[in-house]
Structures are given as structure tokens and as C-alpha cells.
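Shown next: my_file.pdb, given as PDB, N, CA, C and O atoms and all ligand atoms.
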```
ATOM      1  N   MET A   1     112.765  72.646  30.113
ATOM      2  CA  MET A   1     111.633  71.898  30.676
ATOM      3  C   MET A   1     111.239  70.776  29.745
ATOM      4  O   MET A   1     111.075  70.970  28.542
ATOM      5  N   PHE A   2     111.065  69.610  30.287
ATOM      6  CA  PHE A   2     110.548  68.484  29.532
ATOM      7  C   PHE A   2     109.090  68.297  29.893
ATOM      8  O   PHE A   2     108.677  68.556  31.026
ATOM      9  N   TYR A   3     108.312  67.866  28.941
ATOM     10  CA  TYR A   3     106.918  67.583  29.257
ATOM     11  C   TYR A   3     106.388  66.484  28.355
ATOM     12  O   TYR A   3     106.935  66.222  27.285
ATOM     13  N   ALA A   4     105.335  65.857  28.796
ATOM     14  CA  ALA A   4     104.655  64.845  28.009
ATOM     15  C   ALA A   4     103.422  65.500  27.406
ATOM     16  O   ALA A   4     102.797  66.371  28.015
ATOM     17  N   LYS A   5     103.084  65.097  26.194
ATOM     18  CA  LYS A   5     101.965  65.705  25.495
ATOM     19  C   LYS A   5     101.079  64.581  24.972
ATOM     20  O   LYS A   5     101.564  63.613  24.414
ATOM     21  N   GLU A   6      99.807  64.725  25.183
ATOM     22  CA  GLU A   6      98.877  63.686  24.759
ATOM     23  C   GLU A   6      97.641  64.335  24.175
ATOM     24  O   GLU A   6      97.067  65.262  24.760
ATOM     25  N   LYS A   7      97.243  63.857  23.009
ATOM     26  CA  LYS A   7      96.037  64.387  22.390
ATOM     27  C   LYS A   7      94.805  63.724  22.991
ATOM     28  O   LYS A   7      94.731  62.505  23.092
ATOM     29  N   ILE A   8      93.850  64.521  23.435
ATOM     30  CA  ILE A   8      92.630  63.959  24.004
ATOM     31  C   ILE A   8      91.566  63.889  22.921
ATOM     32  O   ILE A   8      90.927  62.862  22.725
ATOM     33  N   THR A   9      91.367  64.976  22.213
ATOM     34  CA  THR A   9      90.497  64.980  21.040
ATOM     35  C   THR A   9      91.292  65.671  19.933
ATOM     36  O   THR A   9      92.442  66.057  20.146
ATOM     37  N   SER A  10      90.696  65.859  18.780
ATOM     38  CA  SER A  10      91.426  66.480  17.676
ATOM     39  C   SER A  10      91.768  67.934  17.975
ATOM     40  O   SER A  10      92.647  68.520  17.358
ATOM     41  N   THR A  11      91.093  68.539  18.929
ATOM     42  CA  THR A  11      91.347  69.950  19.220
ATOM     43  C   THR A  11      91.918  70.191  20.617
ATOM     44  O   THR A  11      92.310  71.292  20.936
ATOM     45  N   VAL A  12      91.940  69.161  21.430
ATOM     46  CA  VAL A  12      92.402  69.344  22.810
ATOM     47  C   VAL A  12      93.557  68.392  23.105
ATOM     48  O   VAL A  12      93.452  67.195  22.858
ATOM     49  N   ASP A  13      94.646  68.957  23.591
ATOM     50  CA  ASP A  13      95.687  68.068  24.098
ATOM     51  C   ASP A  13      96.180  68.593  25.445
ATOM     52  O   ASP A  13      95.928  69.726  25.815
ATOM     53  N   ILE A  14      96.803  67.714  26.175
ATOM     54  CA  ILE A  14      97.308  68.113  27.494
ATOM     55  C   ILE A  14      98.824  67.995  27.505
ATOM     56  O   ILE A  14      99.394  67.159  26.808
ATOM     57  N   THR A  15      99.438  68.851  28.271
ATOM     58  CA  THR A  15     100.874  68.729  28.481
ATOM     59  C   THR A  15     101.101  68.594  29.979
ATOM     60  O   THR A  15     100.426  69.226  30.791
ATOM     61  N   VAL A  16     102.006  67.729  30.321
ATOM     62  CA  VAL A  16     102.339  67.518  31.726
ATOM     63  C   VAL A  16     103.835  67.692  31.881
ATOM     64  O   VAL A  16     104.609  66.988  31.231
ATOM     65  N   GLU A  17     104.235  68.642  32.691
ATOM     66  CA  GLU A  17     105.659  68.841  32.927
ATOM     67  C   GLU A  17     106.251  67.623  33.608
ATOM     68  O   GLU A  17     105.654  67.050  34.514
ATOM     69  N   LEU A  18     107.437  67.239  33.156
ATOM     70  CA  LEU A  18     108.116  66.117  33.784
ATOM     71  C   LEU A  18     109.089  66.636  34.830
ATOM     72  O   LEU A  18     109.936  67.470  34.550
ATOM     73  N   HIS A  19     108.911  66.149  36.025
ATOM     74  CA  HIS A  19     109.841  66.493  37.097
ATOM     75  C   HIS A  19     110.440  65.197  37.621
ATOM     76  O   HIS A  19     110.059  64.112  37.187
ATOM     77  N   ASP A  20     111.326  65.321  38.591
ATOM     78  CA  ASP A  20     111.950  64.086  39.065
ATOM     79  C   ASP A  20     111.046  63.289  39.997
ATOM     80  O   ASP A  20     111.422  62.244  40.490
ATOM     81  N   ASP A  21     109.820  63.813  40.233
ATOM     82  CA  ASP A  21     108.939  63.053  41.115
ATOM     83  C   ASP A  21     107.599  62.702  40.474
ATOM     84  O   ASP A  21     106.677  62.296  41.147
ATOM     85  N   ASN A  22     107.493  62.869  39.151
ATOM     86  CA  ASN A  22     106.214  62.510  38.534
ATOM     87  C   ASN A  22     106.378  61.661  37.280
ATOM     88  O   ASN A  22     105.562  61.703  36.384
ATOM     89  N   VAL A  23     107.462  60.916  37.241
ATOM     90  CA  VAL A  23     107.688  60.011  36.117
ATOM     91  C   VAL A  23     107.617  58.586  36.642
ATOM     92  O   VAL A  23     108.286  58.241  37.619
ATOM     93  N   PHE A  24     106.785  57.795  35.997
ATOM     94  CA  PHE A  24     106.563  56.437  36.482
ATOM     95  C   PHE A  24     106.632  55.442  35.329
ATOM     96  O   PHE A  24     106.457  55.810  34.175
ATOM     97  N   CYS A  25     106.868  54.205  35.644
ATOM     98  CA  CYS A  25     106.709  53.157  34.653
ATOM     99  C   CYS A  25     106.057  51.966  35.343
ATOM    100  O   CYS A  25     105.872  51.957  36.561
ATOM    101  N   THR A  26     105.673  50.999  34.551
ATOM    102  CA  THR A  26     105.042  49.802  35.087
ATOM    103  C   THR A  26     106.097  48.729  35.257
ATOM    104  O   THR A  26     106.839  48.436  34.317
ATOM    105  N   CYS A  27     106.162  48.159  36.435
ATOM    106  CA  CYS A  27     107.116  47.077  36.690
ATOM    107  C   CYS A  27     106.799  45.897  35.785
ATOM    108  O   CYS A  27     105.671  45.409  35.784
ATOM    109  N   PRO A  28     107.799  45.423  35.006
ATOM    110  CA  PRO A  28     107.548  44.290  34.115
ATOM    111  C   PRO A  28     107.362  42.980  34.879
ATOM    112  O   PRO A  28     106.877  41.994  34.327
ATOM    113  N   GLY A  29     107.726  42.985  36.155
ATOM    114  CA  GLY A  29     107.592  41.768  36.937
ATOM    115  C   GLY A  29     106.193  41.583  37.482
ATOM    116  O   GLY A  29     105.563  40.548  37.288
ATOM    117  N   CYS A  30     105.672  42.601  38.158
ATOM    118  CA  CYS A  30     104.380  42.437  38.815
ATOM    119  C   CYS A  30     103.338  43.446  38.331
ATOM    120  O   CYS A  30     102.179  43.368  38.703
ATOM    121  N   GLY A  31     103.741  44.410  37.511
ATOM    122  CA  GLY A  31     102.778  45.349  36.958
ATOM    123  C   GLY A  31     102.448  46.519  37.846
ATOM    124  O   GLY A  31     101.588  47.332  37.512
ATOM    125  N   CYS A  32     103.137  46.657  38.959
ATOM    126  CA  CYS A  32     102.837  47.782  39.833
ATOM    127  C   CYS A  32     103.538  49.041  39.314
ATOM    128  O   CYS A  32     104.384  48.984  38.433
ATOM    129  N   GLU A  33     103.165  50.176  39.881
ATOM    130  CA  GLU A  33     103.718  51.456  39.458
ATOM    131  C   GLU A  33     105.066  51.695  40.134
ATOM    132  O   GLU A  33     105.189  51.524  41.336
ATOM    133  N   VAL A  34     106.053  52.071  39.337
ATOM    134  CA  VAL A  34     107.382  52.333  39.881
ATOM    135  C   VAL A  34     107.763  53.764  39.573
ATOM    136  O   VAL A  34     107.678  54.211  38.432
ATOM    137  N   GLU A  35     108.174  54.511  40.602
ATOM    138  CA  GLU A  35     108.604  55.883  40.393
ATOM    139  C   GLU A  35     110.008  55.866  39.815
ATOM    140  O   GLU A  35     110.878  55.143  40.284
ATOM    141  N   ILE A  36     110.211  56.663  38.759
ATOM    142  CA  ILE A  36     111.489  56.668  38.057
ATOM    143  C   ILE A  36     112.274  57.925  38.377
ATOM    144  O   ILE A  36     111.739  59.025  38.335
ATOM    145  N   ASP A  37     113.536  57.759  38.673
ATOM    146  CA  ASP A  37     114.433  58.893  38.830
ATOM    147  C   ASP A  37     115.153  59.060  37.494
ATOM    148  O   ASP A  37     116.060  58.305  37.159
ATOM    149  N   LEU A  38     114.690  60.044  36.691
ATOM    150  CA  LEU A  38     115.234  60.206  35.345
ATOM    151  C   LEU A  38     116.738  60.456  35.363
ATOM    152  O   LEU A  38     117.464  59.970  34.505
ATOM    153  N   ALA A  39     117.200  61.211  36.341
ATOM    154  CA  ALA A  39     118.629  61.500  36.417
ATOM    155  C   ALA A  39     119.412  60.202  36.551
ATOM    156  O   ALA A  39     120.441  60.003  35.921
ATOM    157  N   GLU A  40     118.890  59.306  37.371
ATOM    158  CA  GLU A  40     119.564  58.035  37.581
ATOM    159  C   GLU A  40     119.470  57.171  36.327
ATOM    160  O   GLU A  40     120.429  56.528  35.907
ATOM    161  N   LEU A  41     118.281  57.195  35.709
ATOM    162  CA  LEU A  41     118.063  56.386  34.516
ATOM    163  C   LEU A  41     118.993  56.809  33.388
ATOM    164  O   LEU A  41     119.549  55.986  32.676
ATOM    165  N   PHE A  42     119.171  58.121  33.232
ATOM    166  CA  PHE A  42     120.000  58.630  32.139
ATOM    167  C   PHE A  42     121.483  58.582  32.459
ATOM    168  O   PHE A  42     122.306  58.790  31.598
ATOM    169  N   SER A  43     121.815  58.325  33.713
ATOM    170  CA  SER A  43     123.215  58.415  34.107
ATOM    171  C   SER A  43     124.075  57.323  33.469
ATOM    172  O   SER A  43     125.291  57.446  33.439
ATOM    173  N   ASP A  44     123.463  56.271  32.936
ATOM    174  CA  ASP A  44     124.286  55.233  32.307
ATOM    175  C   ASP A  44     124.639  55.584  30.865
ATOM    176  O   ASP A  44     125.372  54.875  30.204
ATOM    177  N   GLY A  45     124.097  56.708  30.385
ATOM    178  CA  GLY A  45     124.486  57.198  29.073
ATOM    179  C   GLY A  45     123.872  56.481  27.899
ATOM    180  O   GLY A  45     124.108  56.833  26.757
ATOM    181  N   GLU A  46     123.099  55.470  28.116
ATOM    182  CA  GLU A  46     122.500  54.769  26.990
ATOM    183  C   GLU A  46     121.024  54.461  27.233
ATOM    184  O   GLU A  46     120.549  53.381  26.954
ATOM    185  N   SER A  47     120.345  55.430  27.797
ATOM    186  CA  SER A  47     118.945  55.208  28.122
ATOM    187  C   SER A  47     118.067  55.251  26.879
ATOM    188  O   SER A  47     118.270  56.053  25.988
ATOM    189  N   ASP A  48     117.121  54.402  26.862
ATOM    190  CA  ASP A  48     116.205  54.261  25.746
ATOM    191  C   ASP A  48     114.833  54.042  26.383
ATOM    192  O   ASP A  48     114.564  52.994  26.954
ATOM    193  N   LEU A  49     113.998  55.084  26.335
ATOM    194  CA  LEU A  49     112.732  55.014  27.067
ATOM    195  C   LEU A  49     111.877  53.843  26.636
ATOM    196  O   LEU A  49     111.115  53.294  27.416
ATOM    197  N   HIS A  50     111.990  53.449  25.368
ATOM    198  CA  HIS A  50     111.165  52.333  24.909
ATOM    199  C   HIS A  50     111.747  50.996  25.363
ATOM    200  O   HIS A  50     111.020  50.083  25.708
ATOM    201  N   GLY A  51     113.066  50.913  25.378
ATOM    202  CA  GLY A  51     113.685  49.620  25.669
ATOM    203  C   GLY A  51     114.090  49.428  27.112
ATOM    204  O   GLY A  51     114.646  48.403  27.464
ATOM    205  N   THR A  52     113.806  50.416  27.948
ATOM    206  CA  THR A  52     114.229  50.313  29.338
ATOM    207  C   THR A  52     113.070  49.900  30.226
ATOM    208  O   THR A  52     111.983  50.459  30.131
ATOM    209  N   ALA A  53     113.287  48.909  31.051
ATOM    210  CA  ALA A  53     112.273  48.498  32.011
ATOM    211  C   ALA A  53     112.864  48.673  33.397
ATOM    212  O   ALA A  53     114.038  48.395  33.616
ATOM    213  N   VAL A  54     112.054  49.153  34.302
ATOM    214  CA  VAL A  54     112.523  49.327  35.671
ATOM    215  C   VAL A  54     111.653  48.488  36.595
ATOM    216  O   VAL A  54     110.430  48.632  36.610
ATOM    217  N   TYR A  55     112.283  47.598  37.316
ATOM    218  CA  TYR A  55     111.549  46.744  38.240
ATOM    219  C   TYR A  55     111.295  47.463  39.559
ATOM    220  O   TYR A  55     112.073  48.320  39.959
ATOM    221  N   CYS A  56     110.221  47.109  40.224
ATOM    222  CA  CYS A  56     109.926  47.676  41.526
ATOM    223  C   CYS A  56     110.931  47.091  42.535
ATOM    224  O   CYS A  56     111.621  46.120  42.233
ATOM    225  N   PRO A  57     111.028  47.698  43.720
ATOM    226  CA  PRO A  57     112.011  47.211  44.707
ATOM    227  C   PRO A  57     111.858  45.721  45.011
ATOM    228  O   PRO A  57     112.855  45.008  45.136
ATOM    229  N   ASP A  58     110.629  45.241  45.106
ATOM    230  CA  ASP A  58     110.421  43.822  45.423
ATOM    231  C   ASP A  58     110.959  42.921  44.321
ATOM    232  O   ASP A  58     111.685  41.962  44.571
ATOM    233  N   CYS A  59     110.591  43.242  43.067
ATOM    234  CA  CYS A  59     111.035  42.416  41.949
ATOM    235  C   CYS A  59     112.543  42.544  41.747
ATOM    236  O   CYS A  59     113.194  41.583  41.360
ATOM    237  N   SER A  60     113.095  43.737  42.003
ATOM    238  CA  SER A  60     114.541  43.922  41.885
ATOM    239  C   SER A  60     115.253  42.972  42.831
ATOM    240  O   SER A  60     116.223  42.323  42.470
ATOM    241  N   LYS A  61     114.739  42.908  44.048
ATOM    242  CA  LYS A  61     115.342  42.042  45.058
ATOM    243  C   LYS A  61     115.318  40.603  44.570
ATOM    244  O   LYS A  61     116.301  39.879  44.629
ATOM    245  N   GLU A  62     114.149  40.212  44.054
ATOM    246  CA  GLU A  62     113.987  38.847  43.570
ATOM    247  C   GLU A  62     114.964  38.576  42.423
ATOM    248  O   GLU A  62     115.631  37.558  42.375
ATOM    249  N   LYS A  63     115.034  39.552  41.476
ATOM    250  CA  LYS A  63     115.918  39.397  40.324
ATOM    251  C   LYS A  63     117.356  39.252  40.781
ATOM    252  O   LYS A  63     118.086  38.401  40.302
ATOM    253  N   LEU A  64     117.770  40.134  41.681
ATOM    254  CA  LEU A  64     119.159  40.100  42.145
ATOM    255  C   LEU A  64     119.436  38.797  42.877
ATOM    256  O   LEU A  64     120.491  38.197  42.732
ATOM    257  N   GLY A  65     118.455  38.352  43.659
ATOM    258  CA  GLY A  65     118.636  37.126  44.412
ATOM    259  C   GLY A  65     118.814  35.932  43.502
ATOM    260  O   GLY A  65     119.649  35.067  43.754
ATOM    261  N   VAL A  66     118.058  35.901  42.400
ATOM    262  CA  VAL A  66     118.121  34.775  41.476
ATOM    263  C   VAL A  66     119.325  34.915  40.547
ATOM    264  O   VAL A  66     120.007  33.949  40.258
ATOM    265  N   GLY A  67     119.572  36.174  40.114
ATOM    266  CA  GLY A  67     120.574  36.391  39.091
ATOM    267  C   GLY A  67     122.011  36.358  39.570
ATOM    268  O   GLY A  67     122.907  36.070  38.791
ATOM    269  N   LEU A  68     122.234  36.662  40.811
ATOM    270  CA  LEU A  68     123.632  36.725  41.254
ATOM    271  C   LEU A  68     124.032  35.550  42.121
ATOM    272  O   LEU A  68     123.286  35.082  42.910
TER
HETATM  273 ZN    ZN B   1     107.386  44.338  40.578
END
```
Whole structure, C-alpha cells version:
Amino acid sequence: MFYAKEKITSTVDITVELHDDNVFCTCPGCGCEVEIDLAELFSDGESDLHGTAVYCPDCSKEKLGVGL
């Protein structure tokens, strides 16, 4: 089981189990919330949670349209 842990006060912290439907990131394009499929993210074998950005479907479309 993977989980996220965050300290709220010096004596209280929370843990949240990570599942494939409760992991999100902020789209670097528009700032909206994007649901992340960790299995898909890790499938490229070089995932780096700090260095990885995931665009929302709208921004992805825009990126692909401009980039290709
Ligand atoms: Zn976006």
C-alpha cells in the first residue's frame, strides 16, 4: 500500500492511501485538476514525481496540435 502523509500539527498527521483513482496533479497549462493514472505514469520506467507534469485533456490536445 502506498500512502501520502502530511503533518497537520506537531502531534497530528494524516495519511491518505493512494489508489488509482485518488491521485491528482495540477495541469501546468491551465492549472486545473488532472486525475493521474499512476500505472500509466510509471509505465515509461523513468517517472519522477517532482519532474513530471501531466497536462489536462484540453491542454494535451493543444500541445499535440502545436507540437506535431
Ligand atoms: Zn490544462
Give me the box for region 57-62 of chain A as lines of an AutoDock Vina configuration file, namely the centre and edge lengths in Å to one decimal of a box along x, y and z that holds every listed atom plus 8 Å on each side.
```
center_x = 113.4
center_y = 42.6
center_z = 43.4
size_x = 21.9
size_y = 26.1
size_z = 20.1
```
Filtered DSSP result for chain A, state alpha helix (DSSP H), as a PyMOL selection string: chain A and resi 38-42+57-67
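With all atoms listed in the file as the atoms that count, the residue of A:Cys56, A:Val12, A:Leu49, A:Met1 with the shortest distance to Val34 (chain A) is A:Cys56.
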Neighbourhood of ligand ZN 1 (chain B) at 5 Å, counting all atoms listed in the file, reported as a ChimeraX atom specification: /A:27,29-31,56,59
Spatial neighbours of Cys25 (chain A), max dist 6 Å, only N, CA, C and O atoms, sep filter under 6 positions, as an MDAnalysis selection string: chainID A and resid 32:36 54
Excluding Tyr3 (chain A) and its own-chain neighbours fewer than 2 positions away, which residues fall within 6 Å of it when counting only C-alpha atoms? Please give them as an mmCIF file with N, CA, C and O atoms, in the frame of the given file.
```
data_model
loop_
_atom_site.group_PDB
_atom_site.id
_atom_site.type_symbol
_atom_site.label_atom_id
_atom_site.label_comp_id
_atom_site.auth_asym_id
_atom_site.auth_seq_id
_atom_site.Cartn_x
_atom_site.Cartn_y
_atom_site.Cartn_z
ATOM 1 N N VAL A 16 102.006 67.729 30.321
ATOM 2 C CA VAL A 16 102.339 67.518 31.726
ATOM 3 C C VAL A 16 103.835 67.692 31.881
ATOM 4 O O VAL A 16 104.609 66.988 31.231
ATOM 5 N N GLU A 17 104.235 68.642 32.691
ATOM 6 C CA GLU A 17 105.659 68.841 32.927
ATOM 7 C C GLU A 17 106.251 67.623 33.608
ATOM 8 O O GLU A 17 105.654 67.050 34.514
ATOM 9 N N LEU A 18 107.437 67.239 33.156
ATOM 10 C CA LEU A 18 108.116 66.117 33.784
ATOM 11 C C LEU A 18 109.089 66.636 34.830
ATOM 12 O O LEU A 18 109.936 67.470 34.550
#
```
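Computed from the coordinates, the atom C of Pro28 (chain A) to atom C of Ser60 (chain A) distance equals 11.2 Å.
Atom N of Ser43 (chain A) to atom O of Asp58 (chain A) spans 22.1 Å [interatomic distance, one decimal].
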Quick one: region 7-18 of chain A with all heavy atoms, as a CSV table (one decimal), in the coordinates of the input?
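In the end it all went to result.csv:
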```
chain,number,residue,atom,x,y,z
A,7,LYS,N,97.2,63.9,23.0
A,7,LYS,CA,96.0,64.4,22.4
A,7,LYS,C,94.8,63.7,23.0
A,7,LYS,O,94.7,62.5,23.1
A,7,LYS,CB,96.1,64.1,20.9
A,7,LYS,CG,95.8,65.3,20.0
A,7,LYS,CD,95.9,65.0,18.6
A,7,LYS,CE,95.8,66.2,17.7
A,7,LYS,NZ,95.9,67.6,18.3
A,8,ILE,N,93.8,64.5,23.4
A,8,ILE,CA,92.6,64.0,24.0
A,8,ILE,C,91.6,63.9,22.9
A,8,ILE,O,90.9,62.9,22.7
A,8,ILE,CB,92.1,64.8,25.2
A,8,ILE,CG1,93.2,64.8,26.3
A,8,ILE,CG2,90.8,64.3,25.7
A,8,ILE,CD1,92.8,65.5,27.6
A,9,THR,N,91.4,65.0,22.2
A,9,THR,CA,90.5,65.0,21.0
A,9,THR,C,91.3,65.7,19.9
A,9,THR,O,92.4,66.1,20.1
A,9,THR,CB,89.2,65.8,21.3
A,9,THR,OG1,89.5,67.2,21.4
A,9,THR,CG2,88.5,65.3,22.6
A,10,SER,N,90.7,65.9,18.8
A,10,SER,CA,91.4,66.5,17.7
A,10,SER,C,91.8,67.9,18.0
A,10,SER,O,92.6,68.5,17.4
A,10,SER,CB,90.6,66.4,16.4
A,10,SER,OG,89.4,67.0,16.5
A,11,THR,N,91.1,68.5,18.9
A,11,THR,CA,91.3,70.0,19.2
A,11,THR,C,91.9,70.2,20.6
A,11,THR,O,92.3,71.3,20.9
A,11,THR,CB,90.0,70.8,19.1
A,11,THR,OG1,89.0,70.2,19.9
A,11,THR,CG2,89.6,70.8,17.7
A,12,VAL,N,91.9,69.2,21.4
A,12,VAL,CA,92.4,69.3,22.8
A,12,VAL,C,93.6,68.4,23.1
A,12,VAL,O,93.5,67.2,22.9
A,12,VAL,CB,91.3,69.1,23.8
A,12,VAL,CG1,91.8,69.2,25.2
A,12,VAL,CG2,90.1,70.0,23.6
A,13,ASP,N,94.6,69.0,23.6
A,13,ASP,CA,95.7,68.1,24.1
A,13,ASP,C,96.2,68.6,25.4
A,13,ASP,O,95.9,69.7,25.8
A,13,ASP,CB,96.8,67.9,23.1
A,13,ASP,CG,97.5,69.2,22.7
A,13,ASP,OD1,97.4,70.1,23.4
A,13,ASP,OD2,98.1,69.2,21.6
A,14,ILE,N,96.8,67.7,26.2
A,14,ILE,CA,97.3,68.1,27.5
A,14,ILE,C,98.8,68.0,27.5
A,14,ILE,O,99.4,67.2,26.8
A,14,ILE,CB,96.7,67.3,28.6
A,14,ILE,CG1,97.0,65.8,28.4
A,14,ILE,CG2,95.3,67.5,28.8
A,14,ILE,CD1,96.7,64.9,29.6
A,15,THR,N,99.4,68.9,28.3
A,15,THR,CA,100.9,68.7,28.5
A,15,THR,C,101.1,68.6,30.0
A,15,THR,O,100.4,69.2,30.8
A,15,THR,CB,101.6,70.0,28.0
A,15,THR,OG1,101.1,71.1,28.6
A,15,THR,CG2,101.5,70.1,26.5
A,16,VAL,N,102.0,67.7,30.3
A,16,VAL,CA,102.3,67.5,31.7
A,16,VAL,C,103.8,67.7,31.9
A,16,VAL,O,104.6,67.0,31.2
A,16,VAL,CB,101.9,66.1,32.2
A,16,VAL,CG1,102.3,65.9,33.7
A,16,VAL,CG2,100.5,65.9,32.0
A,17,GLU,N,104.2,68.6,32.7
A,17,GLU,CA,105.7,68.8,32.9
A,17,GLU,C,106.3,67.6,33.6
A,17,GLU,O,105.7,67.0,34.5
A,17,GLU,CB,105.9,70.1,33.8
A,17,GLU,CG,105.8,71.4,33.1
A,17,GLU,CD,106.1,72.5,34.0
A,17,GLU,OE1,107.1,72.5,34.8
A,17,GLU,OE2,105.3,73.5,34.0
A,18,LEU,N,107.4,67.2,33.2
A,18,LEU,CA,108.1,66.1,33.8
A,18,LEU,C,109.1,66.6,34.8
A,18,LEU,O,109.9,67.5,34.6
A,18,LEU,CB,108.9,65.3,32.7
A,18,LEU,CG,108.1,64.7,31.6
A,18,LEU,CD1,109.0,63.9,30.7
A,18,LEU,CD2,107.0,63.8,32.2
```
